[in-house]
>>> print(open('input-v3.csv').read())   # CSV, C-alpha atoms
chain,number,residue,atom,x,y,z
A,275,MET,CA,-42.6,-269.3,61.6
A,276,LYS,CA,-39.8,-271.2,60.0
A,277,LYS,CA,-40.3,-275.0,60.0
A,278,ILE,CA,-38.4,-276.8,62.8
A,279,VAL,CA,-38.3,-280.5,63.4
A,280,LEU,CA,-38.0,-281.2,67.1
A,281,LEU,CA,-36.7,-284.6,68.1
A,282,ALA,CA,-37.1,-286.3,71.5
A,283,LEU,CA,-34.1,-288.1,73.1
A,284,CYS,CA,-35.3,-291.5,71.9
A,285,THR,CA,-36.6,-290.5,68.5
A,286,LEU,CA,-36.7,-293.5,66.1
A,287,LEU,CA,-35.0,-292.6,62.8
A,288,ILE,CA,-36.4,-294.6,59.9
A,289,GLY,CA,-34.5,-294.6,56.7
A,290,PRO,CA,-35.6,-295.6,53.2
A,291,CYS,CA,-36.3,-299.3,52.8
A,292,LEU,CA,-36.3,-301.4,49.6
A,293,SER,CA,-38.6,-304.5,49.6
A,294,CYS,CA,-36.0,-306.3,47.5
A,295,ALA,CA,-32.5,-305.7,46.2
A,296,GLN,CA,-32.2,-304.6,42.6
A,297,GLN,CA,-30.1,-307.2,40.9
A,298,LYS,CA,-28.0,-307.2,37.7
A,299,GLY,CA,-26.4,-310.4,36.5
A,300,GLY,CA,-27.7,-312.1,39.7
A,301,GLU,CA,-25.7,-309.8,42.0
A,302,SER,CA,-27.0,-307.2,44.6
A,303,GLN,CA,-26.1,-303.6,43.7
A,304,GLY,CA,-24.4,-302.8,46.9
A,305,GLY,CA,-22.2,-300.3,45.1
A,306,ASP,CA,-25.2,-298.0,44.7
A,307,ASP,CA,-25.6,-297.8,48.5
A,308,THR,CA,-21.9,-297.0,48.9
A,309,ALA,CA,-22.1,-294.3,46.3
A,310,ALA,CA,-25.1,-292.8,48.0
A,311,GLU,CA,-23.2,-292.7,51.3
A,312,GLU,CA,-20.3,-291.0,49.7
A,313,ARG,CA,-22.5,-288.4,48.2
A,314,GLU,CA,-24.1,-287.8,51.6
A,315,GLU,CA,-20.6,-287.4,53.2
A,316,ALA,CA,-19.6,-284.9,50.5
A,317,LYS,CA,-22.7,-282.7,50.9
A,318,THR,CA,-22.3,-279.3,52.4
A,319,ASP,CA,-25.1,-277.9,54.6
A,320,SER,CA,-25.3,-274.4,56.0
A,321,LEU,CA,-27.0,-272.9,59.1
A,322,SER,CA,-27.4,-269.4,60.5
A,323,ILE,CA,-28.4,-268.9,64.1
A,324,LEU,CA,-29.4,-265.5,65.4
A,325,VAL,CA,-29.8,-264.7,69.2
A,326,ALA,CA,-31.3,-261.5,70.5
A,327,GLY,CA,-31.4,-260.0,74.0
A,328,ASP,CA,-34.1,-259.6,76.6
A,329,LEU,CA,-37.8,-259.2,75.6
A,330,MET,CA,-39.2,-257.2,78.5
A,331,GLN,CA,-42.7,-255.8,78.9
A,332,HIS,CA,-43.1,-252.8,81.3
A,333,SER,CA,-46.5,-251.2,82.0
A,334,PRO,CA,-45.9,-248.3,79.5
A,335,GLN,CA,-45.2,-250.8,76.8
A,336,ILE,CA,-48.5,-252.6,77.5
A,337,ASN,CA,-50.4,-249.2,77.4
A,338,ALA,CA,-48.7,-248.3,74.1
A,339,ALA,CA,-49.6,-251.5,72.5
A,340,ARG,CA,-53.3,-251.3,73.3
A,341,SER,CA,-55.3,-251.5,70.1
A,342,GLY,CA,-59.1,-251.7,70.2
A,343,ASN,CA,-60.1,-254.6,72.4
A,344,GLY,CA,-56.6,-256.1,72.2
A,345,TYR,CA,-52.9,-255.4,71.8
A,346,ASP,CA,-50.6,-255.0,68.8
A,347,TYR,CA,-46.8,-255.2,69.0
A,348,LYS,CA,-46.0,-255.6,65.3
A,349,GLU,CA,-44.7,-252.1,65.0
A,350,CYS,CA,-42.1,-252.9,67.7
A,351,PHE,CA,-40.4,-255.5,65.5
A,352,ARG,CA,-41.1,-254.0,62.0
A,353,LEU,CA,-37.6,-252.7,61.4
A,354,VAL,CA,-35.8,-255.8,62.6
A,355,LYS,CA,-38.2,-258.4,61.3
A,356,PRO,CA,-36.2,-258.9,58.0
A,357,GLU,CA,-33.0,-259.6,59.9
A,358,ILE,CA,-34.8,-262.0,62.3
A,359,SER,CA,-36.6,-263.9,59.6
A,360,ALA,CA,-33.5,-264.2,57.4
A,361,ALA,CA,-31.8,-266.5,60.0
A,362,ASP,CA,-32.5,-270.2,59.9
A,363,LEU,CA,-33.0,-270.2,63.6
A,364,ALA,CA,-33.8,-267.1,65.7
A,365,ILE,CA,-33.8,-267.2,69.5
A,366,ALA,CA,-34.6,-264.7,72.2
A,367,ASN,CA,-35.0,-264.5,76.0
A,368,PHE,CA,-38.8,-264.2,76.9
A,369,GLU,CA,-38.4,-262.3,80.2
A,370,VAL,CA,-42.1,-262.1,81.1
A,371,THR,CA,-44.9,-264.4,81.9
A,372,LEU,CA,-48.3,-264.8,80.2
A,373,GLY,CA,-50.3,-265.0,83.4
A,374,GLY,CA,-53.5,-263.6,81.9
A,375,PRO,CA,-55.2,-260.3,83.0
A,376,PRO,CA,-54.8,-258.0,84.7
A,377,TYR,CA,-51.6,-257.3,82.8
A,378,LYS,CA,-48.8,-255.7,84.7
A,379,GLY,CA,-45.2,-254.6,84.4
A,380,TYR,CA,-42.3,-254.3,86.8
A,381,PRO,CA,-41.7,-255.8,89.3
A,382,CYS,CA,-43.9,-258.9,88.5
A,383,PHE,CA,-44.5,-259.1,84.7
A,384,SER,CA,-47.6,-260.5,83.1
A,385,ALA,CA,-47.9,-259.6,79.4
A,386,PRO,CA,-50.8,-259.9,77.0
A,387,ASP,CA,-50.9,-263.0,74.9
A,388,GLU,CA,-50.6,-260.9,71.8
A,389,TYR,CA,-47.0,-260.1,72.8
A,390,LEU,CA,-46.0,-263.8,72.2
A,391,ARG,CA,-48.0,-263.8,68.9
A,392,ASP,CA,-46.2,-260.8,67.5
A,393,ILE,CA,-42.8,-262.1,68.7
A,394,VAL,CA,-43.4,-265.2,66.7
A,395,ASP,CA,-44.7,-263.2,63.8
A,396,ALA,CA,-41.4,-261.2,63.8
A,397,GLY,CA,-39.6,-264.5,63.0
A,398,PHE,CA,-38.4,-265.8,66.4
A,399,ASP,CA,-38.4,-269.6,66.4
A,400,ILE,CA,-37.3,-270.5,70.0
A,401,LEU,CA,-37.7,-268.7,73.3
A,402,THR,CA,-35.9,-269.2,76.6
A,403,THR,CA,-38.0,-269.0,79.7
A,404,GLY,CA,-35.4,-269.8,82.4
A,405,ASN,CA,-34.9,-266.3,83.8
A,406,ASN,CA,-35.4,-264.4,87.1
A,407,HIS,CA,-38.9,-263.3,86.1
A,408,CYS,CA,-40.3,-266.7,85.1
A,409,LEU,CA,-42.2,-267.0,88.4
A,410,ASP,CA,-43.6,-263.5,88.4
A,411,SER,CA,-47.2,-264.8,88.0
A,412,HIS,CA,-46.4,-267.8,90.3
A,413,GLN,CA,-47.5,-271.3,89.3
A,414,LYS,CA,-50.4,-270.1,87.1
A,415,GLY,CA,-48.1,-267.9,85.1
A,416,LEU,CA,-45.4,-270.5,84.6
A,417,GLU,CA,-47.8,-273.1,83.4
A,418,ARG,CA,-49.9,-270.7,81.3
A,419,THR,CA,-46.8,-269.4,79.6
A,420,ILE,CA,-45.8,-272.9,78.7
A,421,MET,CA,-49.4,-273.7,77.5
A,422,MET,CA,-49.5,-270.6,75.3
A,423,MET,CA,-46.1,-271.4,73.7
A,424,ASP,CA,-47.2,-274.9,73.1
A,425,SER,CA,-50.5,-273.7,71.5
A,426,LEU,CA,-48.5,-271.7,69.0
A,427,LYS,CA,-46.0,-274.6,68.5
A,428,VAL,CA,-43.1,-272.4,69.8
A,429,PRO,CA,-40.2,-274.5,71.1
A,430,HIS,CA,-39.1,-273.2,74.5
A,431,LEU,CA,-36.7,-274.2,77.3
A,432,GLY,CA,-35.9,-273.4,80.9
A,433,THR,CA,-39.2,-274.0,82.7
A,434,TYR,CA,-41.4,-277.1,82.9
A,435,LYS,CA,-44.8,-278.1,84.3
A,436,ASP,CA,-43.3,-281.3,85.8
A,437,ALA,CA,-40.4,-283.7,85.8
A,438,ALA,CA,-41.9,-285.8,83.0
A,439,GLU,CA,-42.1,-282.8,80.7
A,440,ARG,CA,-38.5,-281.8,81.4
A,441,GLU,CA,-37.3,-285.3,80.9
A,442,GLN,CA,-39.0,-285.5,77.5
A,443,ASN,CA,-38.1,-282.0,76.2
A,444,TYR,CA,-34.7,-281.0,77.9
A,445,PRO,CA,-32.1,-280.5,76.7
A,446,LEU,CA,-34.0,-279.1,73.6
A,447,LEU,CA,-32.9,-280.8,70.4
A,448,VAL,CA,-33.6,-279.1,67.2
A,449,GLU,CA,-33.0,-280.4,63.7
A,450,LYS,CA,-32.5,-277.8,60.9
A,451,ASN,CA,-30.8,-277.8,57.5
A,452,GLY,CA,-29.1,-281.2,58.3
A,453,PHE,CA,-27.8,-279.9,61.7
A,454,ARG,CA,-28.6,-281.3,65.1
A,455,ILE,CA,-28.5,-278.4,67.6
A,456,VAL,CA,-28.9,-278.9,71.4
A,457,LEU,CA,-29.8,-276.0,73.5
A,458,LEU,CA,-29.4,-275.4,77.3
A,459,ASN,CA,-30.9,-272.6,79.4
A,460,PHE,CA,-30.7,-271.9,83.2
A,461,THR,CA,-31.0,-269.0,85.5
A,462,TYR,CA,-29.1,-267.7,88.6
A,463,ALA,CA,-32.4,-267.1,90.6
A,464,THR,CA,-36.1,-266.2,90.5
A,465,ASN,CA,-36.3,-263.0,92.5
A,466,GLY,CA,-36.8,-264.8,95.8
A,467,LEU,CA,-39.9,-266.6,94.6
A,468,ARG,CA,-39.9,-270.4,95.1
A,469,VAL,CA,-40.9,-272.8,92.4
A,470,LYS,CA,-43.8,-275.0,93.5
A,471,GLU,CA,-44.1,-278.7,92.8
A,472,PRO,CA,-44.5,-280.2,90.4
A,473,ASN,CA,-43.1,-277.2,88.4
A,474,ILE,CA,-39.4,-277.1,87.5
A,475,VAL,CA,-37.1,-274.1,86.8
A,476,ASN,CA,-33.6,-274.7,85.5
A,477,TYR,CA,-31.3,-273.1,88.0
A,478,ILE,CA,-27.5,-272.7,87.8
A,479,ASP,CA,-26.5,-275.9,89.5
A,480,THR,CA,-23.3,-277.4,88.1
A,481,VAL,CA,-24.2,-280.9,89.2
A,482,GLN,CA,-27.5,-280.7,87.3
A,483,ILE,CA,-26.0,-278.9,84.4
A,484,SER,CA,-23.2,-281.5,84.1
A,485,GLY,CA,-25.8,-284.2,83.8
A,486,ASP,CA,-27.7,-282.2,81.2
A,487,ILE,CA,-24.6,-281.8,79.2
A,488,GLU,CA,-23.9,-285.5,79.2
A,489,LYS,CA,-27.5,-286.1,78.1
A,490,ALA,CA,-27.0,-283.5,75.3
A,491,LYS,CA,-23.9,-285.4,74.1
A,492,GLY,CA,-25.9,-288.5,73.9
A,493,MET,CA,-28.2,-286.9,71.3
A,494,SER,CA,-25.5,-286.9,68.6
A,495,PRO,CA,-25.4,-283.1,68.4
A,496,ASP,CA,-23.5,-281.1,65.8
A,497,LEU,CA,-23.6,-278.1,68.2
A,498,ILE,CA,-24.3,-277.6,71.9
A,499,ILE,CA,-25.3,-274.0,72.8
A,500,ALA,CA,-25.8,-272.7,76.3
A,501,LEU,CA,-28.1,-269.7,76.9
A,502,PRO,CA,-27.5,-268.8,80.6
A,503,HIS,CA,-29.3,-266.1,82.5
A,504,TRP,CA,-26.6,-264.8,84.7
A,505,GLY,CA,-24.5,-261.8,85.7
A,506,ILE,CA,-24.9,-258.5,87.6
A,507,GLU,CA,-27.5,-256.1,86.5
A,508,TYR,CA,-26.2,-252.9,84.7
A,509,ALA,CA,-22.5,-254.0,85.0
A,510,LEU,CA,-20.7,-253.5,81.7
A,511,ASN,CA,-18.2,-256.3,82.5
A,512,PRO,CA,-18.8,-259.9,83.6
A,513,ALA,CA,-18.1,-260.9,87.2
A,514,LYS,CA,-15.6,-263.6,88.0
A,515,PRO,CA,-18.2,-266.3,88.8
A,516,ASP,CA,-19.6,-265.8,85.3
A,517,LYS,CA,-16.2,-266.1,83.7
A,518,ASP,CA,-15.5,-269.2,85.7
A,519,LEU,CA,-18.8,-270.8,84.7
A,520,ALA,CA,-18.2,-270.0,81.1
A,521,ASP,CA,-14.8,-271.7,81.2
A,522,TRP,CA,-16.4,-274.7,83.0
A,523,LEU,CA,-19.1,-275.0,80.4
A,524,PHE,CA,-16.6,-275.0,77.6
A,525,ARG,CA,-14.5,-277.7,79.4
A,526,ARG,CA,-17.6,-279.8,79.8
A,527,GLY,CA,-18.2,-279.8,76.0
A,528,VAL,CA,-20.5,-276.8,75.3
A,529,ASP,CA,-19.6,-275.2,71.9
A,530,HIS,CA,-21.0,-271.7,72.3
A,531,ILE,CA,-22.4,-269.6,75.1
A,532,ILE,CA,-24.7,-266.6,74.7
A,533,GLY,CA,-26.0,-265.1,77.9
A,534,GLY,CA,-28.3,-262.4,79.2
A,535,HIS,CA,-29.8,-260.7,82.3
A,536,PRO,CA,-27.6,-257.6,83.0
A,537,HIS,CA,-29.8,-255.4,80.7
A,538,VAL,CA,-26.7,-253.9,79.2
A,539,LEU,CA,-24.2,-255.1,76.6
A,540,GLN,CA,-21.2,-257.0,77.9
A,541,PRO,CA,-18.1,-258.2,76.0
A,542,MET,CA,-18.1,-261.0,73.5
A,543,GLU,CA,-15.3,-263.1,72.2
A,544,ARG,CA,-14.4,-265.8,69.7
A,545,ARG,CA,-12.0,-268.3,71.3
A,546,ASN,CA,-9.8,-270.6,69.2
A,547,ALA,CA,-10.8,-268.9,66.0
A,548,THR,CA,-8.0,-270.7,64.1
A,549,ALA,CA,-9.2,-274.2,65.2
A,550,GLU,CA,-10.6,-276.6,62.7
A,551,ASN,CA,-14.2,-276.0,64.0
A,552,GLY,CA,-13.8,-272.2,63.7
A,553,GLY,CA,-13.7,-271.6,67.4
A,554,ASN,CA,-16.1,-271.0,70.3
A,555,VAL,CA,-18.3,-267.9,70.7
A,556,LEU,CA,-18.9,-266.4,74.2
A,557,VAL,CA,-21.3,-263.5,74.6
A,558,TYR,CA,-21.9,-262.6,78.3
A,559,SER,CA,-24.9,-260.3,77.7
A,560,LEU,CA,-26.8,-259.0,74.7
A,561,GLY,CA,-28.6,-256.3,76.7
A,562,ASN,CA,-32.1,-255.2,76.3
A,563,TYR,CA,-33.9,-255.9,73.0
A,564,LEU,CA,-37.3,-254.4,73.9
A,565,SER,CA,-38.0,-252.7,77.1
A,566,ASN,CA,-38.9,-249.4,78.8
A,567,GLN,CA,-35.7,-249.1,80.7
A,568,TYR,CA,-33.9,-245.7,80.1
A,569,LYS,CA,-30.9,-245.7,82.4
A,570,ASP,CA,-27.6,-245.3,80.8
A,571,ASN,CA,-26.7,-248.3,78.6
A,572,THR,CA,-30.1,-250.0,79.0
A,573,VAL,CA,-31.7,-248.3,76.0
A,574,GLY,CA,-30.4,-250.9,73.6
A,575,GLY,CA,-28.8,-254.2,73.0
A,576,GLY,CA,-27.9,-256.4,70.2
A,577,MET,CA,-28.3,-259.5,68.1
A,578,VAL,CA,-25.5,-261.9,67.4
A,579,ARG,CA,-25.4,-264.2,64.4
A,580,LEU,CA,-23.4,-267.3,63.9
A,581,ASP,CA,-23.0,-269.0,60.5
A,582,PHE,CA,-22.0,-272.6,60.2
A,583,VAL,CA,-21.2,-275.1,57.4
A,584,LYS,CA,-21.3,-278.8,57.7
A,585,GLU,CA,-19.2,-280.8,55.2
A,586,GLY,CA,-18.3,-284.4,55.4
A,587,GLY,CA,-19.9,-284.6,58.8
A,588,LYS,CA,-17.7,-281.9,60.2
A,589,VAL,CA,-19.2,-278.6,61.5
A,590,LYS,CA,-17.3,-275.3,61.3
A,591,LEU,CA,-18.2,-271.8,62.4
A,592,THR,CA,-17.4,-269.7,59.4
A,593,LYS,CA,-18.6,-266.3,60.5
A,594,CYS,CA,-20.0,-264.5,63.5
A,595,GLY,CA,-21.1,-260.9,63.9
A,596,TYR,CA,-23.3,-258.6,65.8
A,597,MET,CA,-25.9,-255.9,65.1
A,598,LEU,CA,-26.5,-253.1,67.7
A,599,THR,CA,-30.2,-252.1,68.2
A,600,TYR,CA,-31.7,-249.1,70.0
A,601,CYS,CA,-35.2,-249.2,71.6
A,602,SER,CA,-37.0,-246.1,70.6
A,603,ARG,CA,-39.6,-245.1,73.3
A,604,PRO,CA,-42.8,-243.0,72.5
A,605,GLN,CA,-41.6,-240.5,75.2
A,606,ASN,CA,-38.7,-239.6,72.9
A,607,SER,CA,-40.0,-240.4,69.4
A,608,GLY,CA,-43.5,-239.0,69.6
A,609,LYS,CA,-44.8,-242.1,68.0
A,610,ARG,CA,-47.5,-244.3,69.5
A,611,ASN,CA,-45.5,-247.5,70.1
A,612,TYR,CA,-42.0,-248.7,71.0
A,613,ARG,CA,-39.7,-249.7,68.1
A,614,ILE,CA,-36.5,-251.8,67.9
A,615,VAL,CA,-34.3,-249.8,65.5
A,616,PRO,CA,-30.9,-250.9,64.1
A,617,VAL,CA,-28.5,-248.2,65.1
A,618,GLU,CA,-27.6,-247.4,61.5
A,619,MET,CA,-31.2,-246.3,60.6
A,620,ASP,CA,-30.9,-242.6,61.0
A,621,ASP,CA,-34.1,-241.9,59.0
A,622,GLU,CA,-36.2,-243.7,61.6
A,623,LEU,CA,-35.1,-241.4,64.5
A,624,ASN,CA,-35.7,-237.8,65.5
A,625,GLN,CA,-32.9,-235.8,67.0
A,626,GLN,CA,-33.7,-236.6,70.6
A,627,ASP,CA,-33.6,-240.3,69.8
A,628,LYS,CA,-30.4,-239.9,67.9
A,629,ASN,CA,-28.7,-238.2,70.8
A,630,ILE,CA,-29.7,-241.1,73.2
A,631,ARG,CA,-28.7,-243.7,70.6
A,632,ASN,CA,-25.3,-242.1,69.9
A,633,LYS,CA,-24.5,-242.1,73.6
A,634,PHE,CA,-25.4,-245.8,73.8
A,635,VAL,CA,-23.4,-246.7,70.7
A,636,GLY,CA,-20.4,-244.7,72.0
A,637,THR,CA,-20.3,-246.6,75.2
A,638,ALA,CA,-20.7,-250.0,73.4
A,639,THR,CA,-17.9,-249.1,71.0
A,640,LYS,CA,-15.5,-248.2,73.8
A,641,LEU,CA,-16.5,-251.3,75.7
A,642,PHE,CA,-15.8,-253.6,72.8
A,643,GLU,CA,-12.5,-251.8,71.9
A,644,LYS,CA,-11.3,-252.0,75.5
A,645,ASN,CA,-12.0,-255.8,75.6
A,646,ASN,CA,-10.6,-256.4,72.1
A,647,VAL,CA,-13.9,-257.8,70.7
A,648,ASP,CA,-12.9,-259.2,67.3
A,649,PHE,CA,-16.5,-259.7,66.1
A,650,GLY,CA,-17.5,-257.6,63.1
A,651,ARG,CA,-20.8,-256.0,62.6
A,652,TYR,CA,-23.0,-257.9,60.1
>>> encode(input="input-v3.csv", output="C-alpha cells")
Amino acid sequence: MKKIVLLALCTLLIGPCLSCAQQKGGESQGGDDTAAEEREEAKTDSLSILVAGDLMQHSPQINAARSGNGYDYKECFRLVKPEISAADLAIANFEVTLGGPPYKGYPCFSAPDEYLRDIVDAGFDILTTGNNHCLDSHQKGLERTIMMMDSLKVPHLGTYKDAAEREQNYPLLVEKNGFRIVLLNFTYATNGLRVKEPNIVNYIDTVQISGDIEKAKGMSPDLIIALPHWGIEYALNPAKPDKDLADWLFRRGVDHIIGGHPHVLQPMERRNATAENGGNVLVYSLGNYLSNQYKDNTVGGGMVRLDFVKEGGKVKLTKCGYMLTYCSRPQNSGKRNYRIVPVEMDDELNQQDKNIRNKFVGTATKLFEKNNVDFGRY
C-alpha cells in the first residue's frame, strides 16, 4: 500500500531547528532562511486521486472466491490493479461488513476478511464505510470492520466505534506529495437498522455536515472532497435533492464531490473549468465496481481520476477523466472468479461478455452525451 501520512486535527508540526545561528562577519545569515522559503514557494508538487465505485460482495462472489481453507480475490482486481496502483491516492466505497463467519450476501452482507486484504493488495489506500449496508452485521460488524481496517492500517471514514474516535479521526486528513487532503463521507440511511450507542454512523444531516466542513477548513486543507452515499437505486439521473445537496456542499466550501449508491453510472461534470483552480468536479454515481448484480446498467461502473498541481502554495486541477469498467461474472465468462475488466480489453472477454459489455457502454455513452459530460477517458 502506498505510504500515507495521517494527521490528527491538533498534530504538532516540528520544523528543522538550528542550535545556533551560522554567522559570517558577526551577522546572522537570515538571508539563507529567506532563500529557502522562496525555493519552497516556487516548488511544484503533483497529486493524482483515483476514486472507484461500489465494492459489493454477494453470495455467488463469496463462493467463487473460495480457495482451499480461505478465500482469494486477487483475480478480481488483476486487470485494474496497474491503474489503481498508479494513482497517488486510490479510494473506493466498501459496501459490505466484515462481521466474521458465517459469510453471507444480500440483503445483509458479511464478507471474508480476505476481501479487504485483496482490496488493499490491489492498491486501494482509503475506504469509505458510511453507506446503507454498514450496519448489516449490526454492532459487531461495524466494530469488527473498523478493527480489521485498523489492523491493516487502512485509513477509513464514515463509521466509528464511539464519539471519541470520530472526534479524533473525522474529517479524515491525509497528507500526500505535499498536499493536505480532507475527506468527508456520509450516507442517506442504513436500511432501517438503527445504530447502537456508542457507535456512530455519519448520516446526511446538513447541520452536522456544516460543522464538519468548518472543522475541515480549520485543518489548513489544500482540497476538501466529499464522498456521499446518496441517490435513488438504478436511476440513471440524480434526483433533485441530490442536486440541491451538491450545490449546498459547494457553497459551503467543498472542492469536489464524488458519490455512489445507485449501482449505476450517473452524470459527472466539471464546473468552472476556466477558474484559476481548474474548477470543481461533481460525480453523482460511479456505479458498481465489483458485484453480482446483472440488471441493465448494473454490470459495470467506473473510476474517475483527478490530477492536481500545487505551485507557489496554490492548487489547481489540471486534468480529470474516467475509465469505464465491466464486471465479468463466471456465469458468462466460464472462468472461476469475477473480474473487473476495463471496457477496452476485448481480449479478456468472450462473445457473451462482449455483448453485455457493449450494451452497458452504449447506455453510458448516450447518458454522458445527453448530459454534456465534458470529461475525457483517461
>>> residues_around(input="input-v3.csv", residues="Leu564 of chain A", least_positions_apart="2", cutoff="7 Å", atoms="all atoms listed in the file", output="PDB file with C-alpha atoms, in the coordinates of the input")
ATOM      1  CA  ASP A 328     -34.100-259.600  76.600  1.00  0.00           C
ATOM      2  CA  LEU A 329     -37.800-259.200  75.600  1.00  0.00           C
ATOM      3  CA  MET A 330     -39.200-257.200  78.500  1.00  0.00           C
ATOM      4  CA  ASN A 562     -32.100-255.200  76.300  1.00  0.00           C
ATOM      5  CA  CYS A 601     -35.200-249.200  71.600  1.00  0.00           C
ATOM      6  CA  ILE A 614     -36.500-251.800  67.900  1.00  0.00           C
TER       7      ILE A 614
END
>>> residues_around(input="input-v3.csv", residues="Ser484 of chain A", least_positions_apart="2", cutoff="12 Å", atoms="all atoms listed in the file", output="list in words")
Pro445, Leu458, Ile478, Asp479, Thr480, Val481, Gln482, Asp486, Ile487, Glu488, Lys489, Ala490, Lys491, Leu519, Trp522, Leu523, Phe524, Arg525, Arg526, Gly527 and Val528 of chain A
>>> atom_distance(input="input-v3.csv", atom1="atom CA of Glu585 of chain A", atom2="atom CA of Asp319 of chain A")
6.6 Å
>>> residues_around(input="input-v3.csv", residues="segment 385-402 of chain A", least_positions_apart="2", cutoff="7 Å", atoms="all atoms listed in the file", output="short mmCIF file (atom, residue, chain, number, x, y, z; two decimals) with C-alpha atoms, keeping the file's coordinate frame")
data_model
loop_
_atom_site.label_atom_id
_atom_site.label_comp_id
_atom_site.auth_asym_id
_atom_site.auth_seq_id
_atom_site.Cartn_x
_atom_site.Cartn_y
_atom_site.Cartn_z
CA MET A 275 -42.60 -269.30 61.60
CA LYS A 276 -39.80 -271.20 60.00
CA GLN A 331 -42.70 -255.80 78.90
CA TYR A 345 -52.90 -255.40 71.80
CA ASP A 346 -50.60 -255.00 68.80
CA TYR A 347 -46.80 -255.20 69.00
CA LYS A 348 -46.00 -255.60 65.30
CA PHE A 351 -40.40 -255.50 65.50
CA LYS A 355 -38.20 -258.40 61.30
CA ILE A 358 -34.80 -262.00 62.30
CA SER A 359 -36.60 -263.90 59.60
CA LEU A 363 -33.00 -270.20 63.60
CA ALA A 364 -33.80 -267.10 65.70
CA ILE A 365 -33.80 -267.20 69.50
CA ALA A 366 -34.60 -264.70 72.20
CA ASN A 367 -35.00 -264.50 76.00
CA PHE A 368 -38.80 -264.20 76.90
CA VAL A 370 -42.10 -262.10 81.10
CA THR A 371 -44.90 -264.40 81.90
CA LEU A 372 -48.30 -264.80 80.20
CA GLY A 374 -53.50 -263.60 81.90
CA TYR A 377 -51.60 -257.30 82.80
CA LYS A 378 -48.80 -255.70 84.70
CA PHE A 383 -44.50 -259.10 84.70
CA GLY A 404 -35.40 -269.80 82.40
CA VAL A 428 -43.10 -272.40 69.80
CA PRO A 429 -40.20 -274.50 71.10
CA HIS A 430 -39.10 -273.20 74.50
CA LEU A 431 -36.70 -274.20 77.30
CA GLY A 432 -35.90 -273.40 80.90
CA ASN A 459 -30.90 -272.60 79.40
#
>>> atom_distance(input="input-v3.csv", atom1="atom CA of Lys414 of chain A", atom2="atom CA of Asn443 of chain A")
20.3 Å
>>> closest_atom_pairs(input="input-v3.csv", of="segment 558-619 of chain A", to="segment 338-343 of chain A", cutoff="8 Å", atoms="all atoms listed in the file", output="CSV")
residue,atom,partner,partner_atom,distance
A:Arg610,CA,A:Ala338,CA,6.2
A:Asn611,CA,A:Ala338,CA,5.2
A:Tyr612,CA,A:Ala338,CA,7.4
>>> closest_residue(input="input-v3.csv", among="A:Phe634, A:Tyr600, A:Tyr380, A:Trp504", to="Tyr558 of chain A", atoms="all atoms listed in the file")
A:Trp504
>>> closest_residue(input="input-v3.csv", among="A:Gly452, A:Pro356, A:Gly552, A:Pro541", to="Asn646 of chain A", atoms="only C-alpha atoms")
A:Pro541
>>> closest_residue(input="input-v3.csv", among="A:Glu349, A:Asp627, A:Asp436, A:Glu622", to="Leu416 of chain A", atoms="only C-alpha atoms")
A:Asp436
>>> residues_around(input="input-v3.csv", residues="Ser411 of chain A", least_positions_apart="2", cutoff="6 Å", atoms="all atoms listed in the file", output="list in words")
Gly373, Leu409 and Gly415 of chain A
>>> residues_around(input="input-v3.csv", residues="Thr548 of chain A", least_positions_apart="3", cutoff="12 Å", atoms="only C-alpha atoms", output="JSON list (two decimals) with C-alpha atoms, in the frame of the given file")
[["chain", "number", "residue", "atom", "x", "y", "z"],
["A", 544, "ARG", "CA", -14.40, -265.80, 69.70],
["A", 545, "ARG", "CA", -12.00, -268.30, 71.30],
["A", 551, "ASN", "CA", -14.20, -276.00, 64.00],
["A", 552, "GLY", "CA", -13.80, -272.20, 63.70],
["A", 553, "GLY", "CA", -13.70, -271.60, 67.40],
["A", 554, "ASN", "CA", -16.10, -271.00, 70.30],
["A", 590, "LYS", "CA", -17.30, -275.30, 61.30],
["A", 591, "LEU", "CA", -18.20, -271.80, 62.40],
["A", 592, "THR", "CA", -17.40, -269.70, 59.40]]
>>> residues_near_point(input="input-v3.csv", point="(-30.3, -275.2, 61.4)", cutoff="9 Å", atoms="only C-alpha atoms", output="list in words")
Ile278, Asp319, Ser320, Leu321, Ser322, Ile323, Ala361, Asp362, Leu363, Val448, Glu449, Lys450, Asn451, Gly452, Phe453, Arg454, Ile455 and Phe582 of chain A
>>> closest_residue(input="input-v3.csv", among="A:Arg352, A:Asp529, A:Gln540, A:Lys317", to="Lys644 of chain A", atoms="all atoms listed in the file")
A:Gln540
>>> atom_distance(input="input-v3.csv", atom1="atom CA of Gly650 of chain A", atom2="atom CA of Lys633 of chain A")
20.0 Å
